[in-house]
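Participant: File follows, model.cif with mmCIF, C-alpha atoms and all ligand atoms:
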data_data
#
loop_
_atom_site.label_atom_id
_atom_site.label_comp_id
_atom_site.auth_asym_id
_atom_site.auth_seq_id
_atom_site.Cartn_x
_atom_site.Cartn_y
_atom_site.Cartn_z
CA MET A 1 169.75 177.96 186.77
CA ASP A 2 168.50 174.59 188.09
CA LYS A 3 165.28 173.36 186.58
CA PRO A 4 162.43 173.29 189.10
CA ASN A 5 161.06 169.87 189.97
CA TRP A 6 157.72 170.43 188.25
CA LEU A 7 159.56 171.14 184.99
CA LYS A 8 161.73 168.04 185.26
CA GLU A 9 158.57 166.03 185.89
CA ALA A 10 156.75 167.68 182.98
CA GLU A 11 159.58 166.87 180.60
CA GLU A 12 159.25 163.19 181.37
CA THR A 13 155.93 163.05 179.53
CA LEU A 14 155.70 166.17 177.34
CA ILE A 15 157.21 166.55 173.87
CA ARG A 16 159.32 169.72 173.75
CA TYR A 17 157.97 171.65 170.75
CA CYS A 18 159.71 175.02 170.92
CA GLY A 19 163.10 174.68 172.57
CA GLU A 20 162.94 174.95 176.36
CA PHE A 21 159.66 175.50 178.18
CA SER A 22 159.28 178.74 180.09
CA PRO A 23 160.63 178.33 183.66
CA ILE A 24 157.40 179.51 185.32
CA LEU A 25 154.32 177.48 186.16
CA VAL A 26 151.20 179.54 185.54
CA GLU A 27 148.16 178.74 187.62
CA LYS A 28 145.90 181.65 186.79
CA ALA A 29 145.51 184.50 184.30
CA GLN A 30 143.33 187.58 184.66
CA GLY A 31 143.27 190.87 182.74
CA SER A 32 146.84 192.00 181.98
CA PHE A 33 148.48 189.57 184.42
CA ILE A 34 149.42 185.94 184.80
CA TYR A 35 149.99 184.38 188.24
CA THR A 36 152.52 181.67 188.99
CA ARG A 37 152.31 178.79 191.46
CA ASP A 38 155.01 180.34 193.62
CA GLY A 39 152.94 183.48 194.06
CA LYS A 40 154.43 185.81 191.45
CA ARG A 41 152.33 188.26 189.46
CA ILE A 42 153.65 188.82 185.93
CA LEU A 43 152.54 191.57 183.59
CA ASP A 44 151.76 190.02 180.22
CA PHE A 45 153.12 192.13 177.35
CA THR A 46 152.30 189.36 174.83
CA SER A 47 148.57 188.73 175.51
CA GLY A 48 149.38 185.03 175.86
CA GLN A 49 150.32 183.92 172.35
CA MET A 50 148.89 187.28 171.10
CA CYS A 51 145.37 185.86 171.49
CA SER A 52 143.99 187.23 174.77
CA VAL A 53 143.66 190.54 173.02
CA PHE A 54 141.09 192.00 175.46
CA GLY A 55 142.84 190.63 178.54
CA HIS A 56 142.87 187.18 180.07
CA ASN A 57 139.58 185.56 181.10
CA HIS A 58 137.34 188.50 180.14
CA GLN A 59 134.00 188.15 181.92
CA LYS A 60 132.00 188.25 178.66
CA ILE A 61 134.06 185.36 177.26
CA ILE A 62 133.41 183.32 180.39
CA GLU A 63 129.68 184.05 180.10
CA ALA A 64 129.68 183.08 176.41
CA MET A 65 131.33 179.77 177.26
CA LYS A 66 128.75 179.12 179.98
CA MET A 67 125.94 179.94 177.54
CA ALA A 68 127.38 177.47 175.01
CA THR A 69 127.42 174.72 177.59
CA GLU A 70 123.67 175.20 177.97
CA GLU A 71 123.16 175.20 174.17
CA SER A 72 125.58 172.98 172.25
CA ILE A 73 129.35 172.66 172.27
CA HIS A 74 129.93 170.65 169.12
CA LEU A 75 127.89 169.32 166.17
CA LEU A 76 128.18 167.29 162.98
CA SER A 77 130.26 169.39 160.58
CA THR A 78 127.36 170.05 158.16
CA MET A 79 125.00 171.19 160.95
CA LEU A 80 124.64 174.85 161.85
CA SER A 81 123.75 176.54 165.12
CA PRO A 82 122.23 180.01 165.73
CA ALA A 83 125.59 181.16 167.16
CA VAL A 84 127.46 180.40 163.92
CA ILE A 85 124.84 182.08 161.72
CA GLU A 86 124.79 185.15 163.97
CA LEU A 87 128.60 185.32 164.05
CA SER A 88 128.95 185.21 160.27
CA LYS A 89 126.27 187.91 159.95
CA GLN A 90 127.86 190.21 162.53
CA LEU A 91 131.36 189.69 161.16
CA VAL A 92 130.40 190.33 157.56
CA ASP A 93 128.38 193.41 158.64
CA MET A 94 131.60 194.87 160.09
CA LEU A 95 133.45 194.33 156.79
CA PRO A 96 133.12 196.14 153.46
CA GLU A 97 131.35 194.70 150.43
CA GLY A 98 133.63 192.14 148.82
CA LEU A 99 134.26 190.39 152.12
CA ASP A 100 130.83 188.83 152.19
CA LYS A 101 131.11 185.19 153.19
CA ALA A 102 132.84 183.50 156.12
CA ILE A 103 133.83 180.03 157.21
CA PHE A 104 134.77 179.23 160.83
CA VAL A 105 137.66 176.96 161.71
CA ASN A 106 139.97 176.84 164.73
CA THR A 107 143.52 178.01 164.16
CA GLY A 108 145.39 180.56 162.11
CA SER A 109 147.12 177.81 160.16
CA GLU A 110 143.74 176.41 159.21
CA SER A 111 142.25 179.75 158.20
CA ASN A 112 145.19 180.28 155.83
CA GLU A 113 144.90 176.72 154.61
CA VAL A 114 141.25 177.39 153.68
CA ALA A 115 142.17 180.61 151.85
CA ILE A 116 144.99 178.89 149.96
CA ARG A 117 142.80 175.93 149.02
CA MET A 118 139.98 178.19 147.81
CA ALA A 119 142.43 180.40 145.88
CA LYS A 120 143.85 177.32 144.16
CA LEU A 121 140.42 176.02 143.27
CA ALA A 122 139.14 179.37 142.01
CA SER A 123 142.29 180.33 140.07
CA GLU A 124 143.01 176.81 138.85
CA GLY A 125 146.65 177.62 139.55
CA PHE A 126 148.77 176.51 142.49
CA GLU A 127 151.61 178.99 142.93
CA ILE A 128 151.59 180.93 146.19
CA VAL A 129 153.75 184.00 146.75
CA GLY A 130 154.75 184.96 150.31
CA PHE A 131 157.13 187.17 152.23
CA LEU A 132 160.55 186.04 153.42
CA GLY A 133 160.41 186.12 157.22
CA SER A 134 156.66 185.54 157.34
CA TRP A 135 154.75 183.14 159.59
CA HIS A 136 151.43 181.71 158.46
CA GLY A 137 151.24 178.48 160.42
CA MET A 138 152.32 174.90 160.88
CA THR A 139 149.99 172.90 158.63
CA ALA A 140 151.35 171.87 155.24
CA GLY A 141 149.93 174.70 153.11
CA SER A 142 150.46 177.53 155.57
CA GLN A 143 153.87 176.14 156.59
CA SER A 144 154.93 176.14 152.92
CA SER A 145 154.27 179.90 152.85
CA THR A 146 156.09 180.43 156.14
CA TYR A 147 159.64 181.64 155.73
CA SER A 148 160.70 181.89 159.37
CA GLN A 149 162.80 179.36 161.23
CA THR A 150 160.56 176.37 160.57
CA ARG A 151 161.55 175.18 157.11
CA LYS A 152 164.64 173.09 157.70
CA GLY A 153 164.51 169.41 158.51
CA TYR A 154 160.94 168.52 157.59
CA GLY A 155 161.35 167.54 153.95
CA PRO A 156 159.82 169.17 150.88
CA VAL A 157 157.28 171.97 151.12
CA ILE A 158 154.30 172.01 148.78
CA PRO A 159 155.49 172.75 145.22
CA GLY A 160 154.82 176.21 143.83
CA ASN A 161 155.72 178.36 146.82
CA LEU A 162 157.66 181.46 145.82
CA SER A 163 158.93 184.31 147.96
CA ILE A 164 159.56 188.03 147.81
CA PRO A 165 161.60 190.07 150.32
CA ALA A 166 159.69 191.84 153.07
CA PRO A 167 160.02 195.65 153.14
CA TYR A 168 162.16 195.69 156.30
CA ALA A 169 163.24 199.31 156.07
CA TYR A 170 165.62 199.18 159.06
CA ARG A 171 167.55 196.41 157.27
CA CYS A 172 166.73 196.83 153.59
CA PRO A 173 166.68 193.28 152.15
CA ILE A 174 168.22 194.47 148.87
CA LYS A 175 170.61 196.95 150.56
CA HIS A 176 169.02 199.78 148.62
CA CYS A 177 167.25 202.17 151.00
CA GLN A 178 167.43 202.90 154.70
CA ASN A 179 164.64 203.55 157.21
CA LYS A 180 162.06 204.34 154.50
CA CYS A 181 161.14 201.74 151.92
CA ASP A 182 160.70 203.02 148.34
CA ASN A 183 159.14 199.73 147.13
CA SER A 184 162.19 198.75 145.03
CA CYS A 185 162.30 195.39 146.85
CA LEU A 186 158.72 194.73 145.78
CA GLU A 187 159.35 195.42 142.09
CA MET A 188 162.54 193.36 142.22
CA GLY A 189 160.86 190.54 144.16
CA MET A 190 157.94 190.24 141.79
CA GLY A 191 160.34 190.30 138.85
CA MET A 192 162.22 187.36 140.35
CA VAL A 193 159.00 185.50 141.10
CA ASP A 194 157.87 185.98 137.48
CA GLN A 195 161.06 184.36 136.26
CA GLN A 196 160.59 181.37 138.56
CA SER A 197 156.85 180.92 138.00
CA VAL A 198 155.64 178.04 135.85
CA GLY A 199 152.66 180.16 134.88
CA ALA A 200 150.16 178.87 137.42
CA TYR A 201 149.64 181.72 139.85
CA ALA A 202 147.03 181.32 142.60
CA ALA A 203 147.59 183.72 145.48
CA CYS A 204 149.87 186.01 147.40
CA ILE A 205 149.66 185.70 151.18
CA ILE A 206 150.82 188.50 153.46
CA GLU A 207 150.34 190.12 156.88
CA PRO A 208 149.71 193.89 157.13
CA VAL A 209 152.45 193.99 159.77
CA LEU A 210 154.84 191.06 159.64
CA SER A 211 155.05 190.01 163.25
CA ALA A 212 157.40 187.01 163.39
CA ALA A 213 159.73 188.84 161.01
CA GLY A 214 160.20 191.50 163.69
CA ILE A 215 157.31 193.98 163.31
CA VAL A 216 157.75 195.03 159.69
CA GLU A 217 154.98 197.39 158.64
CA LEU A 218 153.55 197.64 155.13
CA SER A 219 152.75 201.18 154.02
CA PRO A 220 149.48 201.97 152.19
CA GLU A 221 151.52 202.69 149.03
CA TYR A 222 153.32 199.37 149.28
CA LEU A 223 150.10 197.41 149.69
CA LYS A 224 148.37 199.32 146.89
CA ARG A 225 151.23 198.53 144.52
CA LEU A 226 151.32 194.90 145.65
CA LYS A 227 147.60 194.55 144.93
CA GLU A 228 148.12 196.03 141.45
CA LEU A 229 150.94 193.57 140.78
CA CYS A 230 148.76 190.72 142.06
CA ASP A 231 145.80 191.75 139.91
CA GLU A 232 148.02 191.95 136.81
CA ARG A 233 149.10 188.35 137.39
CA GLY A 234 145.82 186.82 138.52
CA LEU A 235 147.08 186.35 142.07
CA TYR A 236 144.39 186.55 144.73
CA LEU A 237 145.52 188.63 147.70
CA ILE A 238 145.20 186.81 151.03
CA LEU A 239 145.59 189.10 154.03
CA ASP A 240 146.47 187.20 157.19
CA GLU A 241 145.27 189.29 160.11
CA ALA A 242 145.92 186.70 162.80
CA GLN A 243 147.63 189.28 164.99
CA THR A 244 146.46 192.60 163.59
CA ALA A 245 142.65 192.38 163.60
CA PHE A 246 140.22 193.16 166.39
CA GLY A 247 141.63 196.54 167.28
CA ARG A 248 145.32 195.70 167.77
CA LEU A 249 146.51 198.41 165.32
CA GLY A 250 144.04 201.05 166.50
CA VAL A 251 141.43 200.09 163.89
CA ASN A 252 139.08 197.11 163.90
CA PHE A 253 140.92 195.45 161.01
CA GLY A 254 144.44 196.31 159.90
CA PHE A 255 143.54 196.70 156.24
CA GLU A 256 141.19 199.61 157.07
CA SER A 257 144.10 202.00 157.55
CA LEU A 258 146.01 200.54 154.60
CA GLU A 259 143.26 201.45 152.13
CA THR A 260 143.53 198.20 150.15
CA GLN A 261 141.01 195.44 150.39
CA PRO A 262 142.14 191.82 150.04
CA ASP A 263 140.33 189.02 148.17
CA PHE A 264 140.63 186.84 151.26
CA LEU A 265 140.85 187.97 154.85
CA THR A 266 141.96 185.46 157.45
CA LEU A 267 141.29 186.03 161.14
CA SER A 268 142.44 183.85 164.01
CA LYS A 269 144.23 184.39 167.35
CA THR A 270 142.33 187.57 168.30
CA LEU A 271 138.93 186.36 167.01
CA GLY A 272 138.68 183.76 169.78
CA GLY A 273 140.27 185.88 172.51
CA GLY A 274 142.15 182.83 173.82
CA LEU A 275 139.87 180.10 172.46
CA PRO A 276 140.55 178.33 169.18
CA LEU A 277 138.43 180.22 166.66
CA ALA A 278 139.49 181.38 163.21
CA ALA A 279 137.74 182.58 160.08
CA THR A 280 138.36 182.96 156.38
CA VAL A 281 136.31 185.63 154.62
CA THR A 282 136.03 186.16 150.87
CA ASN A 283 133.69 187.56 148.23
CA LYS A 284 130.48 186.04 146.87
CA GLU A 285 131.94 185.33 143.44
CA ILE A 286 134.89 183.28 144.72
CA GLU A 287 132.59 181.40 147.12
CA GLU A 288 130.11 180.64 144.34
CA ASP A 289 132.89 179.54 141.99
CA CYS A 290 134.43 177.22 144.60
CA PHE A 291 131.03 175.81 145.54
CA SER A 292 130.29 175.04 141.88
CA LYS A 293 133.63 173.21 141.68
CA GLY A 294 132.73 171.05 144.68
CA PHE A 295 134.75 172.81 147.40
CA ILE A 296 135.27 170.55 150.40
CA ASN A 297 136.83 171.61 153.67
CA ILE A 298 135.54 169.37 156.41
CA THR A 299 137.30 169.41 159.75
CA SER A 300 136.09 168.00 163.07
CA HIS A 301 135.54 171.39 164.66
CA ILE A 302 134.41 173.47 161.69
CA SER A 303 131.39 175.66 162.61
CA ASP A 304 131.51 174.55 166.25
CA PRO A 305 128.95 176.45 168.35
CA LEU A 306 131.06 177.03 171.48
CA PRO A 307 133.86 179.08 169.92
CA ALA A 308 131.23 180.88 167.80
CA ARG A 309 129.53 182.11 171.00
CA VAL A 310 132.92 183.37 172.13
CA GLY A 311 133.43 185.09 168.75
CA LEU A 312 130.15 186.96 169.31
CA ALA A 313 131.37 188.04 172.74
CA MET A 314 134.60 189.26 171.15
CA ILE A 315 132.70 191.44 168.67
CA ASP A 316 130.60 192.80 171.55
CA ILE A 317 133.74 193.69 173.56
CA LEU A 318 135.52 195.17 170.53
CA LEU A 319 132.65 197.49 169.68
CA ASN A 320 131.21 198.31 173.09
CA GLU A 321 134.39 198.61 175.11
CA LYS A 322 136.12 200.76 172.46
CA MET A 323 139.13 198.49 172.20
CA ALA A 324 140.51 199.93 168.94
CA GLU A 325 140.47 203.45 170.40
CA ASN A 326 142.20 202.19 173.53
CA ALA A 327 144.87 200.49 171.40
CA GLU A 328 145.48 203.77 169.60
CA THR A 329 145.68 205.90 172.76
CA GLN A 330 147.62 203.47 174.92
CA GLY A 331 149.78 202.42 171.94
CA ASN A 332 150.82 206.03 171.33
CA TYR A 333 151.66 206.39 175.01
CA LEU A 334 153.63 203.14 175.14
CA LYS A 335 155.55 204.01 171.96
CA LYS A 336 156.46 207.39 173.46
CA GLN A 337 157.84 205.65 176.54
CA LEU A 338 159.81 203.19 174.39
CA LEU A 339 161.26 206.05 172.34
CA GLN A 340 162.29 207.66 175.63
CA LEU A 341 164.03 204.40 176.62
CA GLN A 342 165.80 204.47 173.26
CA GLN A 343 167.28 207.85 174.25
CA GLU A 344 168.65 206.22 177.39
CA TYR A 345 170.04 203.02 175.90
CA GLU A 346 172.26 202.72 172.81
CA CYS A 347 171.27 199.06 172.47
CA ILE A 348 167.76 200.00 171.34
CA GLY A 349 168.36 200.38 167.63
CA ASP A 350 164.78 200.90 166.50
CA VAL A 351 161.27 201.33 167.87
CA ARG A 352 158.48 200.71 165.37
CA GLY A 353 154.92 199.55 164.91
CA ARG A 354 151.56 201.10 165.65
CA GLY A 355 148.64 200.69 167.97
CA LEU A 356 149.53 198.03 170.50
CA LEU A 357 151.76 195.98 168.20
CA LEU A 358 155.20 197.46 168.71
CA GLY A 359 158.73 196.30 167.96
CA VAL A 360 161.93 197.13 169.82
CA GLU A 361 165.09 196.03 168.05
CA ILE A 362 168.18 195.28 170.15
CA VAL A 363 171.56 195.99 168.52
CA ARG A 364 175.23 196.11 169.52
CA ASP A 365 175.40 199.76 168.50
CA ARG A 366 173.34 202.11 166.40
CA GLU A 367 176.07 202.74 163.86
CA SER A 368 176.60 199.11 162.80
CA ARG A 369 173.01 197.99 163.55
CA GLU A 370 174.45 194.59 164.26
CA PRO A 371 171.77 192.51 166.01
CA ASP A 372 172.52 191.60 169.63
CA ILE A 373 170.42 188.51 170.06
CA GLU A 374 172.28 187.41 173.21
CA LEU A 375 171.55 190.69 174.94
CA GLY A 376 167.93 190.46 173.81
CA HIS A 377 167.63 187.06 175.49
CA ARG A 378 169.23 188.36 178.68
CA ILE A 379 166.82 191.29 178.79
CA SER A 380 163.88 188.97 178.17
CA ASP A 381 164.95 186.55 180.92
CA THR A 382 165.60 189.40 183.36
CA CYS A 383 162.20 190.95 182.59
CA LEU A 384 160.52 187.64 183.40
CA GLU A 385 162.39 187.38 186.70
CA MET A 386 161.28 190.94 187.51
CA GLY A 387 157.62 190.36 186.60
CA LEU A 388 157.21 191.21 182.90
CA SER A 389 156.62 188.73 180.08
CA MET A 390 158.19 189.89 176.80
CA ASN A 391 158.37 188.05 173.50
CA ILE A 392 161.59 188.19 171.54
CA VAL A 393 162.10 187.10 167.94
CA ARG A 394 164.99 184.67 168.25
CA VAL A 395 165.68 184.20 164.54
CA LYS A 396 169.24 184.61 163.34
CA GLY A 397 169.63 187.31 160.70
CA MET A 398 166.49 189.10 161.81
CA GLY A 399 167.97 190.57 164.93
CA GLY A 400 166.60 190.34 168.44
CA VAL A 401 163.31 192.14 168.17
CA PHE A 402 160.87 192.39 171.06
CA ARG A 403 157.28 192.08 169.89
CA ILE A 404 155.28 194.05 172.39
CA ALA A 405 151.56 193.24 172.25
CA PRO A 406 149.83 193.75 175.59
CA PRO A 407 146.07 193.34 175.93
CA LEU A 408 144.17 196.27 174.45
CA SER A 409 142.48 196.72 177.82
CA ILE A 410 145.80 197.65 179.42
CA SER A 411 145.82 200.73 181.68
CA ARG A 412 148.33 203.53 181.76
CA GLU A 413 149.54 202.43 185.21
CA GLU A 414 150.21 198.95 183.86
CA ILE A 415 152.17 200.39 180.93
CA ASP A 416 154.23 202.50 183.35
CA MET A 417 154.89 199.40 185.42
CA GLY A 418 156.03 197.46 182.33
CA ILE A 419 158.31 200.27 181.15
CA GLU A 420 159.90 200.57 184.58
CA ILE A 421 160.66 196.83 184.65
CA LEU A 422 162.04 196.97 181.11
CA ARG A 423 164.23 199.96 181.99
CA LYS A 424 165.69 198.15 185.01
CA ALA A 425 166.06 194.86 183.10
CA ILE A 426 168.04 196.52 180.29
CA GLY A 427 170.29 198.23 182.85
CA LYS A 428 170.87 194.98 184.72
CA SER A 429 171.51 193.00 181.52
CA LEU A 430 174.10 195.52 180.33
CA ALA A 431 175.92 195.58 183.67
C1 LIG B 501 150.36 185.95 161.19
C2 LIG B 501 150.09 184.56 161.65
N1 LIG B 501 149.37 183.74 160.87
C3 LIG B 501 149.10 182.48 161.22
C4 LIG B 501 149.57 181.97 162.40
C5 LIG B 501 149.28 180.56 162.77
O1 LIG B 501 148.25 180.52 163.69
P1 LIG B 501 148.03 179.20 164.59
O2 LIG B 501 149.22 179.05 165.43
O3 LIG B 501 146.77 179.55 165.34
O4 LIG B 501 147.82 178.08 163.66
C6 LIG B 501 150.32 182.77 163.25
C7 LIG B 501 150.83 182.24 164.53
O5 LIG B 501 151.65 182.78 165.19
C8 LIG B 501 150.58 184.10 162.87
O6 LIG B 501 151.30 184.92 163.63
#
If you convert what's in this file into structure tokens, what do you get?
Facilitator:
Amino acid sequence: MDKPNWLKEAEETLIRYCGEFSPILVEKAQGSFIYTRDGKRILDFTSGQMCSVFGHNHQKIIEAMKMATEESIHLLSTMLSPAVIELSKQLVDMLPEGLDKAIFVNTGSESNEVAIRMAKLASEGFEIVGFLGSWHGMTAGSQSSTYSQTRKGYGPVIPGNLSIPAPYAYRCPIKHCQNKCDNSCLEMGMGMVDQQSVGAYAACIIEPVLSAAGIVELSPEYLKRLKELCDERGLYLILDEAQTAFGRLGVNFGFESLETQPDFLTLSKTLGGGLPLAATVTNKEIEEDCFSKGFINITSHISDPLPARVGLAMIDILLNEKMAENAETQGNYLKKQLLQLQQEYECIGDVRGRGLLLGVEIVRDRESREPDIELGHRISDTCLEMGLSMNIVRVKGMGGVFRIAPPLSISREEIDMGIEILRKAIGKSLA
């Protein structure tokens, strides 16, 4: 397909940072839809980059931004505003004891960076354990714990990063079990990490559902055992809830249904609802220890008042518009429809996930489970042409997995519309 003129023009001055740019020019976004310059309406099954969790341009977010423009947008990094104090209070009030103190930065990478830096300072170690297939960000520390497609070609990562296999039950990483993980990969992984460690453990960083790895869910038993193994070794547990918090999984925070509390909780993407706001939350003891050791984490936009106002609006929407309940109800409905599609199409190898974070894995056939990445791309491209934006994991070896994460405000009619487009797009792509 010929590139449109606007794209050719754009490429004259923009650095291409993720392969090709999307072939549509978006002029407006509202609720569950984005609108292109040439007049197309596209249903957004990815909530932007998984951030517009309550729909695009929610009225309360707009009002919060307006309010901030009448108060203050930005301040000296050591200065506080009422919005930041109120946000930390409201956030901590929603969390259990042990997640008592928050810091507000901008991106997910940064929130993980803060957690990693604090864990290093508090533990006086430096080794960070992470999952193969994970994604924690693009800054040096979070990138070093990211084991997706971003490692090659950028030189050394920070020393002391060790990995364990993710419990990807559909494709057991140690070829041991199938469809239901029995935690053998965890015991084996930690055993391998112990042999590689130089005896300076600091933290283990994980997501409750690995998203970039293709929607790999941790079970409560898995997480409980992981926490035990971490505690035995003096590893702080950092739970990265960039994608899973704020109702996405049918609960306010993903860890609530997993019954294990982390030492650090990092929130990003969903906290700002489309604006750059992220937080790291930890307990009083770690905060006090780091403070006594002279903890410094100054960035230009730390504690900025404008995104904090938006964060307050997000909490308001989450609690008063029953977003977690909606994710549960609509997620169950959407999953049922996807399972129905699986009955119709052999190329859907697996449907997994919960709430409104669902994965659909595209394979050549169910017997071999061989990933069909090409077909996945064709389906994704056809969906976009037909008015549905779908996000596919394009990593070799992980299969072509659609990550379906529509806004939690999505209606049943919109889900039906999305499923109908997907059904037709699969049919057309197979023809
Ligand atoms: C789980 C997770 N953590 C961290 C990040 C990094 O967030 P950001 O891109 O805001 O730095 C991402 C981004 O996709 C993510 O999915």
Participant: Could you give me, as a list in words, the residues within 9 Å of A:Tyr147, counting only C-alpha atoms and dropping anything in the same chain fewer than 3 positions from it?
Facilitator: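 So, after excluding close chain neighbours, the residues are Gly130, Phe131, Leu132, Gly133, Ser134, Trp135, His136, Gln143, Ser144, Thr150, Arg151, Ser163 and Ala213 of chain A.
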Participant: Between atom CA of A:His56 and atom CA of A:Ser409, what is the distance in Å, rounded to a tenth?
Facilitator: 9.8 Å
Participant: May I ask for the distance between atom CA of A:Met386 and atom CA of A:Ser32, given in Å to one decimal place?
Facilitator: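 Separating atom CA of A:Met386 from atom CA of A:Ser32 is a distance of 15.5 Å.
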Participant: Quick one: residues within 10 Å of A:Phe253, all atoms listed in the file, excluding same-chain residues fewer than 3 positions away - as an NGL selection string?
Facilitator: :A and (94-95 or 208 or 241 or 243-250 or 256-258 or 265 or 267 or 324)
Participant: Using all atoms listed in the file, find the one residue out of A:Gly19, A:Gly311, A:Gly153, A:Gly137 that sits nearest to ligand LIG 501 (chain B).
Facilitator: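 Residue with the minimum atom-to-atom distance to ligand LIG 501 (chain B): A:Gly137.
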